[in-house]
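Below is one structure, written out as structure tokens; comments come after it.
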Amino acid sequence: MRLRTALMGACATAAMALPALAERGSDGNVNILYSQAVSILNPYLSSGTKDVEVSSLIIEPLAGFDEKGNLFPRLAAEIPTLENGGVSEDLTTITWKLKEGLLWSDGTPVTSADVVFSWQYCTHPEGGCAQAARYEGVQSVEAIDERTVKVTFSAPKPNPYSAFVGSTSPIIQKAQFQDCLGAAAATCTAQNFGPIGTGPFRVTEFKVNDVVQLEANPHYRDPEKPAFATVMVKGGGDAAGAARAVMETGEFDYAWNTQINPELQAQMKAGGKGQFVSAFGTLVERIEMNLTNPSPSLPEGERSTVKHPHPFLTDARVRKALSMAIDRNLLVEVGYGEAGRPTCNLVPAPEIYASDNTDCLTQDIEGAKALLEEAGFTPGPDGIRVNADGVRLSVLYQTSVNPVRQDFQALIKQWWNEIGVEVELKSIDPGVYFGGDPGSPDTFQKFYADVEMYANNFDGTDPEPYLAQYLCDKIPGPENQWQGENINRYCDPAYEALVRELAQTRDIAARAELVKRMNDMLTKESHVVVPLVDRGRLSAHSNTLGGVVLNVWDTELWNVQDWYRIK
Amino acid sequence: MPEAAAARRKLVEVRDLRMHFPIYAGLLRRRVGAVKAVDGVSFDIHEGETLGLVGESGCGKSTCGRALLRLYEPTSGSIRIDGREIATAGFDTLRTLRPIMQMVFQDPQASLNPRMTVGSIIGEPLDEHTRLSRREKQERIHELMDAVGLNRAFANRYPHEFSGGQRQSIGIARALALNPRFIVCDEPIAALDVSIQAQVVNLLEDLQARFGLTYLFISHDLSMVRHIADRVAVMDLGRIAELAPRDALYEAPLHPYSQALLSAVPEPDPNAETRRRRIILTGDVPSPANPPRGCNFSTRCPRVMPVCREVEPAFREVAPGHFTACHLHDPAISQTAGTAAAPEAKSTADTHVQQGA
Amino acid sequence: MFTYTLRRLLLAIPTLLVISLVIFLLVDLAPGSPASQIPLTVPAEVRMRILEAMGANEPIHVRYLLWLKQFFVVEPLVWVDATFGTAFSEGMQRILSWQSRSPVFDVIVERLPQTLTVVGMAYVVGVLIALPIGIYSAYRQYSWFDQIGTFVAMVGFSVPTFFTGLVLILVFAVNLGWFPSIYNTSLRVTDWESFVAQVRQMVLPVAVLALYNASQISRYMRASMLDNLNQDYVRTARAKGLRERVVVLKHVLRNSMIPVVTVIALGIPTIFGGAIITEQVFRVNGLGALLIGAIQASDLPMVQTLTFIFAVLIVIFNLIADVLYGLLDPRIRYD
Ligand SMILES: Nc1ncnc2c1ncn2[C@@H]1O[C@H](COP(=O)(O)OP(=O)(O)O)[C@@H](O)[C@H]1O
Ligand SMILES: [Mg+2]
């Protein structure tokens with residue numbers, strides 16, 4: 001017995017002495033938990049983060065983003081740039097070259113035809129491709145030779161790294177999907193549930209909204225990776241349960257998006273089986289000011305439209321006062337803990353784009369009061385400020401039903417009351433609020449309230465399209481079925497000029513300057529957008545799982561091929 | 001008839017039988033008292049005779065009948081049937097004694113298992129206590145059905161398919177299955193239509209004659225008891241107030257309670273009927289959970305004496321075969337206080353005596 | 001009995017059609033839209049095209065009629081094809097889930113086994129422990145056993161399953177580490193070891209649900225036994241000189257089972273409905289989790305189909321309960 005134990009010990013030491021990344025599949029199984037279960041493994045048919053991320057274990061784009069937001073080649077041999085000639089001088093074409101010897105998981109070679117097909121698949125007018133925005137401005141995609149594709153844009157594109165970049169625009173296999181174009185896309189269940197890919201794993205079993213079983217892709221380009229032979233991605237439940245399964249019971253190695261309250265975070269850490277990892281991207285919880293009048297006394301079709309400016313939120317001093325009254329540090333402490341930090345920026349990251357705007361971080365109730373006085377609003381008999389024209393500072397403040405948001409509403413209401421602003425709170429079912437139904441009065445786009453709160457971010461690392469949302473012609477209204485993105489109904493020719501300039505600027509430093517300038521215009525100069533919290537991503541992994549690097553710029557599972565078991 | 005009965009052998013001997021039901025109350029359901037449903041009764045039933053047991057509803061008749069057959073566990077006392085002790089018999093002994101004593105229930109519908117056919121209801125005791133073959137059993141079931149006047153063809157029907165009288169016949173056939181010697185009939189006709197009551201009573205009498213059965217016939221219908229019983233016991237609140245041969249009791253009841261009860265019975269003779277004076281009792285009917293001190297009837301007795309509220313009257317034989325538990329008939333007491341008692345009773349118990357309708 | 005059943009079945013058809021329309025309207029008019037699942041980063045035009053591809057913006061009557069056709073014509077044909085190898089349904093559009101773009105029925109069929117094993121097992125276990133407890137509690141009414149049984153039943157019935165589930169997880173999965181807190185739906189039972197693993201992972205969810213089911217059914221059983229124990233026919237049985245066991249198990253129990261059996265039958269559709277909360281807590285991902293997920297994602301075809309199937313099951317099991325009652329209780333006769 002003792003001898004055997006000794007022998008086994010010796011074997012174990014021998015195994016450990018070998019290089020950690022010895023062999024594909026040597027580390028057995030890894031269990032990943034997504035509190036939202038995976039519905040489909042084709043990101044072109046689903047915009048759900050969970051679907052996109054788990055698909056990224058199987059199918060890959062030409063290039064991805066690393067944890068710092070830098071581009072790195074995946075299927076591409078290198079990143080095309082102006083310097084290496086991959087991007088044309090006039091910014092209208094980008095030419096990608098595939099790595100040599102790439103194989104699909106079924107053993108057939110990956111060719112430029114697959115890349116062209118992926119573009120055709122997603123841009124088919126009847127396909128309802130969820131990632132069509134990735135291919136916006138792409139005029140054509142041609143195969144130059146077996147390994148080279150040229151993407152041509154209809155207009156100069158300072159940021160050409162959109163199509164085929166990031167987990168939302170992966171390359172799918174032409175041979176597998178060629179009968180699934182357009183309306184046929186939805187009938188290709190087998191394909192959508194088991195795409196053939198180039199990623200480190202391939203699907204062995206998929207149960208809708210439940211579990212995905214994967215095994216190492218035998219044709220993965222790095223013969224030593226992945227270290228894990230199999231992966232199980234289980235779905236369902238809630239964030240707290242997911243965190244518990246990693247931190248307390250140790251049943252799972254990795255749990256995605258374990259967004260739980262700070263108290264519970266601390267309690268789970270005591271379980272000692274795992275650790276939380278957090279990283280900050282561009283997701284900002286903010287209050288949006290309505291510059292138009294949402295008054296129910298206005299006729300339907302004219303409420304919250306540019307026809308009727310808001311009675312008092314059009315005054316920048318009032319907006320600023322409302323922002324000043326908020327204690328963002330307390331909000332973070334109450335709602336997010338480690339997974340949030342106070343911010344005054346609409347674009348909090350990547351670093352080069354983040355403005356050094358920190359004025360809003362200290363709450364200033366007295367300053368806010370003084371500002372309102374200056375704007376002509378003095379406290380009435382009930383303590384609510386009124387101006388000479390009889391305009392009362394009374395706001396309707398809406399958001400979606402969500403425990404953290406309701407906490408925020410309560411706190412902010414208290415601060416605003418303190419400065420003499422009356423606040424009525426409203427919380428709307430998220431399915432309705434974000435549902436975009438033009439017939440519903442409660443969507444965030446319709447904005448039948450004075451201020452509203454939600455979180456938004458931008459895809460990838462380039463804030464250009466995000467900042468371009470604040471154009472006058474993107475204001476939601478009855479003429480466009482309330483589908484515009486300019487929620488605040490902001491309209492400033494100076495800002496429009498900056499948007500145009502950004503679209504033509506290709507120097508990164510100059511772009512960064514423009515972005516900061518625009519960010520400041522929307523936030524600290526006008527307080528049209530009142531950022532509150534820079535919301536990070538909080539995930540959990542077990543102490544025995546090595547190689548985890550949290551990445552908020554692309555899929556969280558971006559480097560799963562490098563994960564290994566710590567023995 | 002009474003003389004003949006007295007000469008016969010005693011089949012059932014009951015001595016000081018008590019049946020107290022515990023009362024539980026409160027959060028922890030602790031025992032807080034007892035319902036003295038039967039509180040010390042003694043009587044004999046002779047072989048082949050019918051003893052009527054009468055009394056107001058709730059006075060403990062059914063309890064007494066059930067306790068006799070050990071369908072309840074009696075609190076104390078002794079019950080001997082055919083010389084064998086029932087009250088304390090062990091469970092297995094009791095099972096072997098079951099065939100000689102049976103019961104016919106008041107509600108024929110409720111007393112028959114709704115999910116069993118008539119044949120299996122009647123035949124079940126045979127499975128349990130005999131080793132008859134299937135054929136023999138079938139034969140016996142048919143015999144019994146004939147005996148109670150049921151069509152043999154109905155053996156596979158369920159009780160609910162029969163009329164009330166037929167159901168009671170099924171109950172009787174079932175009771176007869178094991179050739180019992182003693183049957184407790186607990187108000188066997190109370191739930192039946194008047195038109196059918198006579199049929200069932202005739203059937204019972206008929207069977208008694210054929211099989212030499214002994215009955216304890218419980219009823220609150222005094223006329224029917226007069227018709228069927230040889231002797232009658234009058235029960236009041238768990239005790240027997242009076243027990244006498246039928247004619248003696250109906251003609252000259254001794255106990256004021258018996259007198260009051262019988263005053264309500266219409267006389268068949270029209271002359272007697274016009275002479276009948278109905279006694280309406282007033283005062284509280286005591287609860288069996290909390291009976292009064294002394295005589296149970298003292299709260300309502302038109303002829304109550306002070307002693308009645310203090311001392312429980314003894315159950316004594318005042319004439320041959322005529323027993324009563326009343327101080328009025330206790331020679332020791334009635335001689336000293338009897339004369340003074342009557343007027344006092346009038347004032348305290350607020351008794352009316354009025355002409356019968 | 002046969003004509004009665006047939007008549008009831010025929011009557012059920014118009015009822016179910018009306019139910020299907022009502023469900024459709026309710027589901028459709030309920031607030032929420034599949035678009036709410038699309039992140040805000042997706043531009044408005046793309047959103048519109050996604051909804052178009054789903055068919056989510058067709059007028060309601062078109063969608064209802066399409067669903068009716070798919071449910072009553074296409075899906076049965078698909079089933080016929082799968083069974084007999086025919087090709088009637090070729091080229092026909094099946095009911096597709098908006099979430100997964102896959103046929104709703106395939107997902108339901110995939111979910112059924114885990115729901116039946118966990119929720120069904122919990123029901124069976126619940127019934128199996130409820131019956132003896134109910135019987136003994138009634139037989140020894142107000143005894144210690146009965147008092148404890150009453151208390152446990154009250155707790156089991158009134159404490160919500162998400163709470164009992166969480167408590168069990170904290171005690172048995174987190175602190176003691178005896179059982180997993182997450183159900184592995186892809187576990188295949190092939191040998192002793194995997195069988196043990198399957199049993200272990202079923203213990204907690206089955207315990208939670210069985211406690212809940214048992215507390216309900218044991219109460220019915222107890223009440224029904226008490227009703228019967230005081231009946232005269234029980235005295236008759238005793239007077240017959242039957243053994244106590246025979247009296248209780250044959251006479252009393254058989255009669256007491258009549259209402260209990262119907263209650264059990266009526267509860268069976270809830271097995272198929274899954275246990276929304278418990279499935280969610282333990283990630284059993286059966287039909288209950290499927291339904292709640294579909295509701296959250298406003299996956300109308302899925303919600304509509306599932307709820308309608310539940311409605312059909314409820315109608316069927318009501319009929320079964322009635323027929324069973326008729327079979328068990330000779331006093332009840334149909335026609
Ligand atoms: N099982 C029992 N438990 C408690 N009390 C009972 C029970 N059976 C009868 N009693 C009580 O005993 C008394 C006598 O009842 P019963 O014998 O049925 O009267 P009767 O048959 O003369 O109408 C009544 O007060 C009744 O409430
Ligand atoms: Mg009675």
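Ordering of the structure tokens sets the chain letters (A, B, ...); residue numbers start at 1 within each chain; ligands are numbered from 1 in the order shown.
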Who sits within 9 Å of Phe206 of chain A, only C-alpha atoms, same chain under 3 positions skipped, as a JSON list (two decimals) with N, CA and C atoms, in the first residue's frame:
[["chain", "number", "residue", "atom", "x", "y", "z"],
["A", 40, "ILE", "N", -28.23, 29.04, -29.42],
["A", 40, "ILE", "CA", -27.85, 28.72, -30.80],
["A", 40, "ILE", "C", -26.35, 28.96, -30.91],
["A", 41, "LEU", "N", -25.70, 28.23, -31.81],
["A", 41, "LEU", "CA", -24.24, 28.40, -31.92],
["A", 41, "LEU", "C", -23.86, 29.12, -33.21],
["A", 193, "PHE", "N", -26.68, 24.49, -34.90],
["A", 193, "PHE", "CA", -26.39, 23.89, -33.60],
["A", 193, "PHE", "C", -25.02, 23.21, -33.58],
["A", 194, "GLY", "N", -24.42, 23.04, -34.75],
["A", 194, "GLY", "CA", -23.13, 22.36, -34.75],
["A", 194, "GLY", "C", -22.25, 22.85, -35.88],
["A", 203, "VAL", "N", -18.25, 20.90, -31.43],
["A", 203, "VAL", "CA", -19.45, 20.47, -30.69],
["A", 203, "VAL", "C", -19.63, 18.97, -30.76],
["A", 209, "ASN", "N", -30.68, 25.85, -24.96],
["A", 209, "ASN", "CA", -30.89, 26.52, -23.67],
["A", 209, "ASN", "C", -30.53, 25.64, -22.49],
["A", 210, "ASP", "N", -29.59, 24.75, -22.69],
["A", 210, "ASP", "CA", -29.24, 23.88, -21.58],
["A", 210, "ASP", "C", -27.73, 23.65, -21.54],
["A", 211, "VAL", "N", -27.23, 22.85, -22.45],
["A", 211, "VAL", "CA", -25.84, 22.46, -22.31],
["A", 211, "VAL", "C", -25.17, 22.30, -23.68],
["A", 212, "VAL", "N", -23.91, 22.65, -23.74],
["A", 212, "VAL", "CA", -23.11, 22.38, -24.94],
["A", 212, "VAL", "C", -21.92, 21.53, -24.50],
["A", 213, "GLN", "N", -21.74, 20.40, -25.16],
["A", 213, "GLN", "CA", -20.59, 19.56, -24.89],
["A", 213, "GLN", "C", -19.64, 19.70, -26.06],
["A", 214, "LEU", "N", -18.37, 19.91, -25.76],
["A", 214, "LEU", "CA", -17.41, 20.08, -26.83],
["A", 214, "LEU", "C", -16.20, 19.20, -26.58]]
ask   = Got a sec: who's within 12 Å of Glu312 of chain B, counting only C-alpha atoms, leaving out chain neighbours fewer than 6 positions off, as a list in words?
value = Asp39, Gly40, Arg239, Ala241, Pro291, Pro292, Arg293, Gly294, Cys295, Asn296, Phe297, Ser298, Met305, Pro306, Ala325, Cys326, His327 and Asp330 of chain B
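For the pair atom CA of Val311 of chain B and atom CA of Thr299 of chain B, the separation is 13.4 Å.
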query = Which distance in Å separates atom CA of Arg80 of chain B and atom CA of Arg15 of chain B, to one decimal?
reply = 8.6 Å
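For the residues B:Glu13, B:Glu128, B:Asp146, B:Glu56, ranking by smallest atom-to-atom distance to ligand 2 using only C-alpha atoms and all ligand atoms places B:Glu56 first.
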ask   = Using the chain letters and numbers from this document, which residues of segment 50-256 of chain B does DSSP assign to helix (DSSP H, G or I), as a PyMOL selection string?
value = chain B and resi 61-68+91-100+118-129+134-147+152-156+159-161+164-176+194-211+222-228+246-251+256
inquiry  = Could you check the closest approach to ligand 1 for each of C:Ile292, C:Val42, C:Gln231, C:Asp299 and tell me which residue wins, using only C-alpha atoms and all ligand atoms?
reply    = C:Gln231
inquiry  = Please extract the residues of segment 69-265 of chain B with a backbone DSSP assignment of strand (DSSP E or B) and present them as JSON, numbers by chain.
reply    = {"B": [76, 77, 78, 79, 80, 81, 84, 85, 101, 102, 103, 104, 182, 183, 184, 185, 186, 214, 215, 216, 217, 218, 231, 232, 233, 234, 235, 236, 239, 240, 241, 242, 243, 244, 245]}
note = Among B:Ala110, B:Ile100, B:Val41, B:Val265, chain C is approached most closely, using only C-alpha atoms, by B:Ala110
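Those protein and nucleic acid residues that have any atom within 9 Å of ligand 2 are, using only C-alpha atoms and all ligand atoms, Ser57, Gly58, Cys59, Gly60, Lys61, Ser62, Thr63, Gly65, Gln106, Asp186, Glu187, Ile218, Ser219 and His220 of chain B.
For Leu75 of chain A, the residues within 9 Å (counting only C-alpha atoms, excluding itself and residues fewer than 5 positions away along the chain) are Glu60, Pro61, Leu62, Ala63, Lys97, Leu98, Lys99, Leu102, Ile171 and Thr198 of chain A.
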inquiry  = Show me, as a ChimeraX atom specification, the residues that have an atom within 9 Å of His124 of chain A when counting only C-alpha atoms, minus same-chain residues fewer than 3 positions from it.
reply    = /A:119-121,127-129,181-183
